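A.B. asks: Got a structure for you, target.pdb, holding PDB, C-alpha atoms.
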```
ATOM      1  CA  THR A 906      14.397  -4.040 -11.425
ATOM      2  CA  PRO A 907      17.089  -5.066 -13.937
ATOM      3  CA  ARG A 908      16.219  -7.550 -16.672
ATOM      4  CA  MET A 909      18.376 -10.392 -17.885
ATOM      5  CA  PRO A 910      19.240 -10.303 -21.615
ATOM      6  CA  ALA A 911      18.514 -13.429 -23.643
ATOM      7  CA  HIS A 912      21.418 -15.474 -25.004
ATOM      8  CA  GLY A 913      21.341 -18.093 -27.732
ATOM      9  CA  GLY A 914      24.122 -20.436 -28.730
ATOM     10  CA  ALA A 915      24.920 -24.049 -28.014
ATOM     11  CA  GLY A 916      22.070 -26.015 -26.518
ATOM     12  CA  ALA A 917      19.388 -23.475 -27.465
ATOM     13  CA  GLY A 918      15.964 -25.103 -27.288
ATOM     14  CA  ILE A 919      17.034 -27.662 -24.672
ATOM     15  CA  LYS A 920      15.885 -27.165 -21.087
ATOM     16  CA  LYS A 921      18.781 -27.540 -18.671
ATOM     17  CA  GLU A 922      20.532 -25.766 -15.839
ATOM     18  CA  ASP A 923      23.116 -23.363 -17.192
ATOM     19  CA  LEU A 924      24.897 -20.109 -16.508
ATOM     20  CA  LEU A 925      24.359 -16.791 -18.292
ATOM     21  CA  GLN A 926      26.515 -13.723 -17.751
ATOM     22  CA  SER A 927      26.450 -10.245 -19.277
ATOM     23  CA  THR A 928      29.163  -7.635 -19.629
ATOM     24  CA  ASP A 929      27.575  -5.371 -17.006
ATOM     25  CA  GLY A 930      27.882  -7.984 -14.267
ATOM     26  CA  GLN A 931      24.434  -9.570 -14.414
ATOM     27  CA  ARG A 932      24.479 -13.294 -13.781
ATOM     28  CA  TYR A 933      21.849 -16.038 -14.108
ATOM     29  CA  LYS A 934      22.074 -19.657 -13.035
ATOM     30  CA  GLY A 935      19.150 -21.975 -13.649
ATOM     31  CA  ASP A 936      16.867 -23.507 -16.248
ATOM     32  CA  LEU A 937      17.016 -22.355 -19.872
ATOM     33  CA  VAL A 938      14.801 -22.833 -22.905
ATOM     34  CA  ASN A 939      15.905 -21.399 -26.252
ATOM     35  CA  GLY A 940      18.644 -19.469 -24.451
ATOM     36  CA  LYS A 941      16.237 -17.726 -22.082
ATOM     37  CA  PRO A 942      15.617 -18.255 -18.354
ATOM     38  CA  HIS A 943      12.602 -20.574 -18.135
ATOM     39  CA  GLY A 944      11.660 -22.679 -15.132
ATOM     40  CA  TYR A 945      13.608 -22.018 -11.939
ATOM     41  CA  GLY A 946      16.712 -19.894 -11.524
ATOM     42  CA  VAL A 947      18.720 -17.325  -9.609
ATOM     43  CA  PHE A 948      19.535 -13.910 -11.081
ATOM     44  CA  LYS A 949      22.083 -11.494  -9.583
ATOM     45  CA  THR A 950      23.234  -8.010 -10.535
ATOM     46  CA  ALA A 951      26.603  -6.375 -10.025
ATOM     47  CA  ASP A 952      25.257  -4.115  -7.240
ATOM     48  CA  GLY A 953      24.017  -7.080  -5.185
ATOM     49  CA  ALA A 954      20.351  -7.304  -6.163
ATOM     50  CA  ARG A 955      19.079 -10.878  -6.352
ATOM     51  CA  TYR A 956      16.009 -12.739  -7.628
ATOM     52  CA  GLU A 957      15.353 -16.407  -6.965
ATOM     53  CA  GLY A 958      12.272 -18.097  -8.322
ATOM     54  CA  GLN A 959      10.252 -18.976 -11.391
ATOM     55  CA  TRP A 960      10.783 -17.709 -14.930
ATOM     56  CA  ASP A 961       8.779 -17.817 -18.144
ATOM     57  CA  GLN A 962      10.481 -17.093 -21.481
ATOM     58  CA  GLY A 963      13.083 -14.804 -19.943
ATOM     59  CA  GLN A 964      10.689 -12.981 -17.595
ATOM     60  CA  ARG A 965      10.081 -13.316 -13.879
ATOM     61  CA  SER A 966       6.697 -15.054 -13.736
ATOM     62  CA  GLY A 967       5.247 -17.266 -11.016
ATOM     63  CA  LYS A 968       6.557 -17.287  -7.455
ATOM     64  CA  GLY A 969       9.843 -15.704  -6.458
ATOM     65  CA  LYS A 970      11.807 -13.588  -4.015
ATOM     66  CA  TYR A 971      13.638 -10.382  -4.900
ATOM     67  CA  ILE A 972      16.167  -8.545  -2.730
ATOM     68  CA  ASP A 973      17.380  -5.185  -3.997
ATOM     69  CA  ALA A 974      20.702  -3.504  -3.253
ATOM     70  CA  SER A 975      19.197  -1.465  -0.391
ATOM     71  CA  GLY A 976      18.002  -4.593   1.407
ATOM     72  CA  ALA A 977      14.306  -4.201   0.579
ATOM     73  CA  THR A 978      12.654  -7.548  -0.183
ATOM     74  CA  TYR A 979       9.614  -8.783  -2.076
ATOM     75  CA  GLU A 980       8.358 -12.346  -1.894
ATOM     76  CA  GLY A 981       5.293 -13.445  -3.793
ATOM     77  CA  GLN A 982       3.803 -13.658  -7.256
ATOM     78  CA  TRP A 983       5.237 -12.193 -10.462
ATOM     79  CA  LYS A 984       3.950 -11.707 -13.984
ATOM     80  CA  GLU A 985       5.933 -10.486 -16.990
ATOM     81  CA  HIS A 986       8.813  -9.196 -14.803
ATOM     82  CA  ASP A 987       6.511  -7.222 -12.455
ATOM     83  CA  LYS A 988       5.202  -7.867  -8.965
ATOM     84  CA  SER A 989       1.623  -8.987  -9.686
ATOM     85  CA  GLY A 990      -0.652 -11.034  -7.434
ATOM     86  CA  LYS A 991      -0.258 -11.716  -3.727
ATOM     87  CA  GLY A 992       2.995 -10.727  -2.054
ATOM     88  CA  VAL A 993       4.874  -9.329   0.925
ATOM     89  CA  GLU A 994       7.261  -6.369   0.610
ATOM     90  CA  CYS A 995       9.573  -5.372   3.470
ATOM     91  CA  TYR A 996      11.679  -2.211   3.585
ATOM     92  CA  PRO A 997      14.984  -1.374   5.339
ATOM     93  CA  ASP A 998      13.231   1.097   7.685
ATOM     94  CA  LYS A 999      11.026  -1.800   8.982
ATOM     95  CA  ALA A1000       7.941  -0.733   7.040
ATOM     96  CA  LYS A1001       5.992  -3.616   5.501
ATOM     97  CA  TYR A1002       3.208  -4.238   2.978
ATOM     98  CA  GLU A1003       1.272  -7.471   2.604
ATOM     99  CA  GLY A1004      -1.444  -7.845  -0.004
ATOM    100  CA  ASP A1005      -2.239  -7.407  -3.688
ATOM    101  CA  PHE A1006       0.129  -6.099  -6.363
ATOM    102  CA  LEU A1007      -0.468  -5.227 -10.001
ATOM    103  CA  LYS A1008       2.232  -4.319 -12.533
ATOM    104  CA  GLY A1009       4.733  -3.519  -9.779
ATOM    105  CA  CYS A1010       2.398  -1.400  -7.626
ATOM    106  CA  LYS A1011       0.446  -1.970  -4.441
ATOM    107  CA  HIS A1012      -2.989  -2.328  -6.001
ATOM    108  CA  GLY A1013      -6.073  -4.074  -4.626
ATOM    109  CA  VAL A1014      -6.483  -4.956  -0.951
ATOM    110  CA  GLY A1015      -3.646  -5.041   1.556
ATOM    111  CA  LYS A1016      -2.125  -3.932   4.838
ATOM    112  CA  TYR A1017       0.717  -1.427   5.135
ATOM    113  CA  THR A1018       2.646  -0.905   8.358
ATOM    114  CA  THR A1019       4.786   2.239   8.550
ATOM    115  CA  SER A1020       8.259   2.404  10.071
ATOM    116  CA  THR A1021       6.733   4.052  13.167
ATOM    117  CA  GLY A1022       4.090   1.356  13.666
ATOM    118  CA  ALA A1023       1.003   3.056  12.238
ATOM    119  CA  THR A1024      -1.085   0.765  10.020
ATOM    120  CA  TYR A1025      -3.430   1.101   7.065
ATOM    121  CA  GLU A1026      -5.622  -1.788   6.002
ATOM    122  CA  GLY A1027      -7.889  -1.522   3.006
ATOM    123  CA  GLN A1028      -7.893  -0.702  -0.689
ATOM    124  CA  PHE A1029      -4.943   0.555  -2.749
ATOM    125  CA  VAL A1030      -4.706   2.022  -6.252
ATOM    126  CA  LYS A1031      -1.249   2.423  -7.809
ATOM    127  CA  ASP A1032       0.619   2.551  -4.466
ATOM    128  CA  LYS A1033      -1.882   4.981  -2.870
ATOM    129  CA  TYR A1034      -4.570   4.475  -0.219
ATOM    130  CA  ASP A1035      -7.685   4.664  -2.385
ATOM    131  CA  GLY A1036     -11.195   3.377  -1.693
ATOM    132  CA  GLU A1037     -12.302   2.050   1.702
ATOM    133  CA  GLY A1038      -9.733   1.673   4.457
ATOM    134  CA  CYS A1039      -8.863   1.856   8.146
ATOM    135  CA  TYR A1040      -5.834   3.774   9.444
ATOM    136  CA  ASP A1041      -4.579   3.274  13.012
ATOM    137  CA  PHE A1042      -2.363   6.168  14.161
ATOM    138  CA  THR A1043       0.368   5.637  16.734
ATOM    139  CA  SER A1044      -1.315   8.304  18.890
ATOM    140  CA  GLY A1045      -4.353   6.061  19.391
ATOM    141  CA  ARG A1046      -6.556   7.751  16.794
ATOM    142  CA  LYS A1047      -8.355   5.591  14.248
ATOM    143  CA  TYR A1048      -9.919   6.597  10.921
ATOM    144  CA  ILE A1049     -12.349   4.337   9.095
ATOM    145  CA  GLY A1050     -13.732   5.481   5.775
ATOM    146  CA  GLN A1051     -13.021   6.624   2.262
ATOM    147  CA  TRP A1052      -9.677   7.570   0.722
ATOM    148  CA  LYS A1053      -8.576   9.131  -2.547
ATOM    149  CA  ARG A1054      -4.996   9.281  -3.871
ATOM    150  CA  GLY A1055      -3.496   8.660  -0.437
ATOM    151  CA  GLN A1056      -5.664  11.114   1.528
ATOM    152  CA  MET A1057      -8.797  10.886   3.647
ATOM    153  CA  GLU A1058     -11.519  12.004   1.268
ATOM    154  CA  GLY A1059     -15.249  11.276   1.245
ATOM    155  CA  ASN A1060     -17.237   9.936   4.180
ATOM    156  CA  GLY A1061     -15.396   8.697   7.233
ATOM    157  CA  LYS A1062     -15.206   8.398  10.983
ATOM    158  CA  MET A1063     -12.314   9.464  13.213
ATOM    159  CA  VAL A1064     -12.165   8.231  16.809
ATOM    160  CA  TRP A1065      -9.645   9.684  19.271
ATOM    161  CA  ALA A1066      -8.072   7.826  22.186
ATOM    162  CA  ASN A1067     -10.182   9.830  24.667
ATOM    163  CA  GLY A1068     -13.413   8.563  23.078
ATOM    164  CA  VAL A1069     -14.350  11.712  21.130
ATOM    165  CA  SER A1070     -15.420  10.959  17.554
ATOM    166  CA  TYR A1071     -16.173  12.822  14.338
ATOM    167  CA  GLU A1072     -18.278  11.290  11.590
ATOM    168  CA  GLY A1073     -18.885  13.063   8.323
ATOM    169  CA  SER A1074     -17.218  14.440   5.234
ATOM    170  CA  TYR A1075     -13.463  14.759   4.606
ATOM    171  CA  GLU A1076     -11.449  16.402   1.856
ATOM    172  CA  GLN A1077      -7.641  16.274   1.534
ATOM    173  CA  ASP A1078      -7.177  14.834   5.046
ATOM    174  CA  VAL A1079      -9.299  17.423   6.888
ATOM    175  CA  ARG A1080     -12.950  17.774   7.887
ATOM    176  CA  HIS A1081     -14.831  19.451   5.068
ATOM    177  CA  GLY A1082     -18.613  19.514   4.749
ATOM    178  CA  GLU A1083     -21.308  18.236   7.103
ATOM    179  CA  GLY A1084     -20.304  16.271  10.187
ATOM    180  CA  ILE A1085     -21.180  15.182  13.711
ATOM    181  CA  VAL A1086     -18.952  15.247  16.794
ATOM    182  CA  ARG A1087     -19.794  13.007  19.737
ATOM    183  CA  TRP A1088     -18.326  13.114  23.260
ATOM    184  CA  PRO A1089     -18.188  10.188  25.702
ATOM    185  CA  ASP A1090     -20.483  12.056  28.136
ATOM    186  CA  GLY A1091     -23.317  12.052  25.574
ATOM    187  CA  ARG A1092     -22.947  15.525  24.062
ATOM    188  CA  VAL A1093     -23.434  15.768  20.300
ATOM    189  CA  TYR A1094     -22.649  18.605  17.888
ATOM    190  CA  GLN A1095     -23.820  18.704  14.279
ATOM    191  CA  GLY A1096     -22.443  21.350  11.975
ATOM    192  CA  HIS A1097     -20.408  22.321   8.949
ATOM    193  CA  TRP A1098     -16.637  22.423   8.395
ATOM    194  CA  HIS A1099     -14.594  24.119   5.690
ATOM    195  CA  LYS A1100     -10.998  22.981   5.151
ATOM    196  CA  GLY A1101     -10.751  21.732   8.711
ATOM    197  CA  ARG A1102     -12.390  24.758  10.379
ATOM    198  CA  LEU A1103     -15.856  24.902  11.914
ATOM    199  CA  VAL A1104     -18.005  27.455  10.062
ATOM    200  CA  GLY A1105     -21.576  28.703  10.204
ATOM    201  CA  SER A1106     -24.213  27.643  12.696
ATOM    202  CA  GLY A1107     -24.727  24.215  14.208
ATOM    203  CA  VAL A1108     -26.823  22.277  16.679
ATOM    204  CA  MET A1109     -25.565  21.069  20.074
ATOM    205  CA  LEU A1110     -27.328  18.418  22.107
ATOM    206  CA  ASP A1111     -26.242  18.210  25.723
ATOM    207  CA  LYS A1112     -25.921  14.930  27.613
ATOM    208  CA  ASP A1113     -29.604  15.157  28.611
ATOM    209  CA  GLY A1114     -30.762  15.612  25.012
ATOM    210  CA  ALA A1115     -31.569  19.332  25.269
ATOM    211  CA  GLN A1116     -31.020  21.088  21.940
ATOM    212  CA  LYS A1117     -29.227  24.411  21.499
ATOM    213  CA  LEU A1118     -28.510  26.361  18.319
ATOM    214  CA  MET A1119     -24.857  27.350  18.082
ATOM    215  CA  LEU A1120     -24.092  30.461  15.992
TER
END
```
Go ahead and express the file in the form of structure tokens.
C.D. replies:
Amino acid sequence: TPRMPAHGGAGAGIKKEDLLQSTDGQRYKGDLVNGKPHGYGVFKTADGARYEGQWDQGQRSGKGKYIDASGATYEGQWKEHDKSGKGVECYPDKAKYEGDFLKGCKHGVGKYTTSTGATYEGQFVKDKYDGEGCYDFTSGRKYIGQWKRGQMEGNGKMVWANGVSYEGSYEQDVRHGEGIVRWPDGRVYQGHWHKGRLVGSGVMLDKDGAQKLML
């Protein structure tokens, strides 16, 4: 997001409400100390972006709300000009994120709702699903488990709307490694997957508990 240049001049060092303008159309109205925004103020850019909130020595720091030219909004905590702390970010396509931010990124724990209504709730690292999290698909599927760089990776459990479930290892969003499939009628299959495909032999238990080797 654009940054407001500092201005000195008359009244520098005295906190007051004043107006700063730059040649590229940026405009600030609010508290100043030593010619820099400090306290509370409103900052606007020529393209319509707007920040209203707290400032510290010319930087957005504290609580504030930012609206960019596209209509996306962020309301929450800031530090040294970046979104940092707790906040809520809403996008023009109706997607929404509520949770932790660090240095401008979704980072920590939060909930993201996509434009289609799917949701992810869990850990984030630099804007990616990363760590432990739960993803609810619009189809009725639900995944609970580990993520890495935005993909299902590690141990997890997927449950489909019809009650079938898979619990085991994932890599790059697909089943990969050892896993167990369970059906609502009591059947259980334990086997091995490679890049989403069932490979090798496995063991099937029918609904009565009888075991059968599957080749």
A.B. asks: Could you expand the PyMOL selection byres ((chain A and resi 993-1002) around 7) into the explicit residues it covers here, written as a list in words?
C.D. replies: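 Checking the PyMOL selection byres ((chain A and resi 993-1002) around 7) against this file, the residues are Gly976, Ala977, Thr978, Tyr979, Glu980, Gly981, Gly992, Glu1003, Gly1004, Lys1016, Tyr1017, Thr1018, Thr1019 and Ser1020 of chain A.
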A.B. asks: Write the residues of the selection above to a file with C-alpha atoms, as a PDB file, in the frame of the given file.
C.D. replies:
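Just written: again-v2.pdb:
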```
ATOM      1  CA  GLY A 976      18.002  -4.593   1.407  1.00  0.00           C
ATOM      2  CA  ALA A 977      14.306  -4.201   0.579  1.00  0.00           C
ATOM      3  CA  THR A 978      12.654  -7.548  -0.183  1.00  0.00           C
ATOM      4  CA  TYR A 979       9.614  -8.783  -2.076  1.00  0.00           C
ATOM      5  CA  GLU A 980       8.358 -12.346  -1.894  1.00  0.00           C
ATOM      6  CA  GLY A 981       5.293 -13.445  -3.793  1.00  0.00           C
ATOM      7  CA  GLY A 992       2.995 -10.727  -2.054  1.00  0.00           C
ATOM      8  CA  GLU A1003       1.272  -7.471   2.604  1.00  0.00           C
ATOM      9  CA  GLY A1004      -1.444  -7.845  -0.004  1.00  0.00           C
ATOM     10  CA  LYS A1016      -2.125  -3.932   4.838  1.00  0.00           C
ATOM     11  CA  TYR A1017       0.717  -1.427   5.135  1.00  0.00           C
ATOM     12  CA  THR A1018       2.646  -0.905   8.358  1.00  0.00           C
ATOM     13  CA  THR A1019       4.786   2.239   8.550  1.00  0.00           C
ATOM     14  CA  SER A1020       8.259   2.404  10.071  1.00  0.00           C
TER      15      SER A1020
END
```
A.B. asks: Using only C-alpha atoms, which protein or nucleic acid residues come within 7 Å of A:Asp1041? Drop anything in the same chain fewer than 4 positions from it, and give the result as a ChimeraX atom specification.
C.D. replies: /A:1023-1025,1045-1048
A.B. asks: Taking all atoms listed in the file into account, which of A:Asp973, A:Asp952, A:Glu1072, A:Asp1113 comes nearest A:Asn1060?
C.D. replies: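 The closest residue to A:Asn1060 is A:Glu1072.
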A.B. asks: How many Å lie between atom CA of A:Gln1051 and atom CA of A:Gly1027, rounded to one decimal?
C.D. replies: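 Straight-line distance from atom CA of A:Gln1051 to atom CA of A:Gly1027 works out to 9.7 Å.
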A.B. asks: Which residue out of A:Arg1080, A:Lys984, A:Lys1031, A:Arg1087 has the minimum interatomic distance to A:Gly1013 when only C-alpha atoms are used?
C.D. replies: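 Counting only C-alpha atoms, the residue closest to A:Gly1013 is A:Lys1031.
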A.B. asks: Identify the residues within 8 Å of coordinate (-9.9, 6.9, 2.5) (same frame as the file), considering all atoms listed in the file, and give the answer as number ranges by chain.
C.D. replies: A: 1034-1039, 1049-1053, 1055-1059, 1061
A.B. asks: Kindly export the residues of the current selection with C-alpha atoms, as a PDB file, keeping the file's coordinate frame.
C.D. replies:
```
ATOM      1  CA  TYR A1034      -4.570   4.475  -0.219  1.00  0.00           C
ATOM      2  CA  ASP A1035      -7.685   4.664  -2.385  1.00  0.00           C
ATOM      3  CA  GLY A1036     -11.195   3.377  -1.693  1.00  0.00           C
ATOM      4  CA  GLU A1037     -12.302   2.050   1.702  1.00  0.00           C
ATOM      5  CA  GLY A1038      -9.733   1.673   4.457  1.00  0.00           C
ATOM      6  CA  CYS A1039      -8.863   1.856   8.146  1.00  0.00           C
ATOM      7  CA  ILE A1049     -12.349   4.337   9.095  1.00  0.00           C
ATOM      8  CA  GLY A1050     -13.732   5.481   5.775  1.00  0.00           C
ATOM      9  CA  GLN A1051     -13.021   6.624   2.262  1.00  0.00           C
ATOM     10  CA  TRP A1052      -9.677   7.570   0.722  1.00  0.00           C
ATOM     11  CA  LYS A1053      -8.576   9.131  -2.547  1.00  0.00           C
ATOM     12  CA  GLY A1055      -3.496   8.660  -0.437  1.00  0.00           C
ATOM     13  CA  GLN A1056      -5.664  11.114   1.528  1.00  0.00           C
ATOM     14  CA  MET A1057      -8.797  10.886   3.647  1.00  0.00           C
ATOM     15  CA  GLU A1058     -11.519  12.004   1.268  1.00  0.00           C
ATOM     16  CA  GLY A1059     -15.249  11.276   1.245  1.00  0.00           C
ATOM     17  CA  GLY A1061     -15.396   8.697   7.233  1.00  0.00           C
TER      18      GLY A1061
END
```
A.B. asks: I would like the residues chosen by the PyMOL selection byres ((chain A and resi 931) around 6) on the shown file; could you give them as a list in words?
C.D. replies: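 This file, filtered by the PyMOL selection byres ((chain A and resi 931) around 6), leaves Gln926, Ser927, Asp929, Gly930, Arg932, Lys949, Thr950 and Ala951 of chain A.
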A.B. asks: Residues of the last selection are to be written out with C-alpha atoms, as an mmCIF file, in the frame of the given file.
C.D. replies:
```cif
data_model
loop_
_atom_site.group_PDB
_atom_site.id
_atom_site.type_symbol
_atom_site.label_atom_id
_atom_site.label_comp_id
_atom_site.auth_asym_id
_atom_site.auth_seq_id
_atom_site.Cartn_x
_atom_site.Cartn_y
_atom_site.Cartn_z
ATOM 1 C CA GLN A 926 26.515 -13.723 -17.751
ATOM 2 C CA SER A 927 26.450 -10.245 -19.277
ATOM 3 C CA ASP A 929 27.575 -5.371 -17.006
ATOM 4 C CA GLY A 930 27.882 -7.984 -14.267
ATOM 5 C CA ARG A 932 24.479 -13.294 -13.781
ATOM 6 C CA LYS A 949 22.083 -11.494 -9.583
ATOM 7 C CA THR A 950 23.234 -8.010 -10.535
ATOM 8 C CA ALA A 951 26.603 -6.375 -10.025
#
```
A.B. asks: What's the separation between atom CA of A:Asp1111 and atom CA of A:Trp1088, in Å to one decimal place?
C.D. replies: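 Pair atom CA of A:Asp1111 / atom CA of A:Trp1088 returns 9.7 Å.
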A.B. asks: Excluding same-chain residues fewer than 6 positions from A:Lys968, what lies within 12 Å of it counting all atoms listed in the file, as a ChimeraX atom specification?
C.D. replies: /A:944-946,956-961,979-993
A.B. asks: Can you measure atom CA of A:Lys934 to atom CA of A:Phe1006 for me? One decimal in Å is fine.
C.D. replies: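 Taking atom CA of A:Lys934 as the start and atom CA of A:Phe1006 as the end point, the length is 26.6 Å.
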A.B. asks: Name the residues captured by the PyMOL selection byres ((chain A and resi 1114) around 12) when it is applied to the shown file; answer as a list in words.
C.D. replies: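 With the PyMOL selection byres ((chain A and resi 1114) around 12) on this model, the match is Asp1090, Gly1091, Arg1092, Val1093, Tyr1094, Val1108, Met1109, Leu1110, Asp1111, Lys1112, Asp1113, Ala1115, Gln1116 and Lys1117 of chain A.
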A.B. asks: With all atoms listed in the file as the basis for distance, which of A:Thr1043, A:Val947, A:Pro942, A:Val1079 is at the shortest distance from A:Gln962?
C.D. replies: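 Ranking A:Thr1043, A:Val947, A:Pro942, A:Val1079 by distance to A:Gln962, first place goes to A:Pro942.
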A.B. asks: Need the axis-aligned box for stretch 1015-1026 of chain A with 4 Å each side, so what are the centre and edges in Å to one decimal, as JSON?
C.D. replies:
```
{"center_x": 1.3, "center_y": -0.5, "center_z": 7.6, "size_x": 21.9, "size_y": 17.1, "size_z": 20.1}
```
A.B. asks: Considering only C-alpha atoms, can you say which of A:Leu1118, A:Val938, A:Leu925, A:Val1086 comes closest to A:Lys1062?
C.D. replies: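 Of the candidates, the smallest distance to A:Lys1062 is held by A:Val1086.
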